Amino acid sequence: MNIVRTALLMAALSGLFLFVGFLIGGEAGMMIALLFATATNLFAYWNSDRVLLSMYGARQVDETAAPELVHTVRQLAEQAGLPMPKVYIVQNDQPNAFATGRNPQHAAICVTSGLLARVNGEELAGVLAHELSHVRNRDTLTMTITATIAGAIAMLANFAFFFGGGRRNPLGFIGLILVAVMAPIAAMLVQMAVSRTREFEADRMGAEISGRPLWLASALQKIDRAVAVTDNPQADANPATAHMFIVNPLRGGGLSGLFSSHPSTEERIARLRAMADQPPVQAGPWA
């Protein structure tokens with residue numbers, strides 16, 4: 001059901017992108033939007049991992065530089081039936097993690113130095129299993145594409161706002177307002193819906209990979225508390241990447257819950273604790 005829902009949400013986002021192109025320039029604008037979307041997605045497919053890791057100043061590590069981290073990733077990858085991903089560390093006090101890469105053969109797992117300092121080995125395994133679930137489900141590609149299309153919609157909206165959309169705009173001034181104001185908001189909401197759908201599934205599958213749902217539950221609790229009081233300057237400078245992290249790295253209040261890229265941490269923890277009350281799943285080799 002989650003796969004179908006994600007496919008429908010991505011189709012809605014793509015349709016919105018074409019609709020924005022149509023509002024700006026009619027049928028010709030829609031065709032240009034289609035070509036632009038194709039080009040940006042091709043770029044994202046081949047280069048998203050390098051761009052994201054460079055954006056955060058991530059440093060690749062091996063068994064010599066981070067033996068415990070790399071060893072745990074290797075064990076979990078074997079348990080999940082995945083190739084060994086590259087492993088990166090970002091110097092950042094906020095505890096967090098993300099996965100990237102277009103497929104399991106070109107995947108990377110990245111954790112912050114703050115995460116390594118705040119969680120124990122079991123909690124770290126829970127987080128890493130969650131990120132490997134994103135790799136196995138190919139969520140990294142899905143979320144990259146949604147971010148790319150959402151960003152492109154915002155770019156088109158800015159173009160329409162500053163240049164007026166031209167005479168081909170079939171709805172005139174009303175169409176301009178729809179493009180400039182409503183389209184980016186709609187794109188953001190669809191992007192967040194895709195991310196929230198995939199997070200619950202990654203939690204469930206990550207718990208199955210590690211064999212211990214409570215490891216991830218405990219880690220999420222620690223991360224959520226720390227994120228609330230710890231800034232993430234890199235994420236603040238690149239908010240479109242917030243949905244890639246295990247917990248939303250952006251701090252905020254007011255309507256932040258409504259516009260959050262992640263489901264409620266409390267609900268995620270509750271679901272994991274419910275899993276722990278069920279018959280035990282297969283444990284990893286470190287249990």
# chains A, B, ... in the order shown; residues from 1 in each chain; ligands from 1
>>> select_by_dssp(residues="segment 19-103 of chain A", states="alpha helix (DSSP H)", output="count of residues only")
51
>>> residues_around(residues="segment 234-237 of chain A", least_positions_apart="5", cutoff="8 Å", atoms="only C-alpha atoms", output="number ranges by chain")
A: 55-56, 242, 249-250
>>> closest_residue(among="A:Ala125, A:Val61, A:Ala276, A:Ala33", to="Gln79 of chain A", atoms="only C-alpha atoms")
A:Ala125
>>> atom_distance(atom1="atom CA of Ile153 of chain A", atom2="atom CA of Phe17 of chain A")
5.8 Å
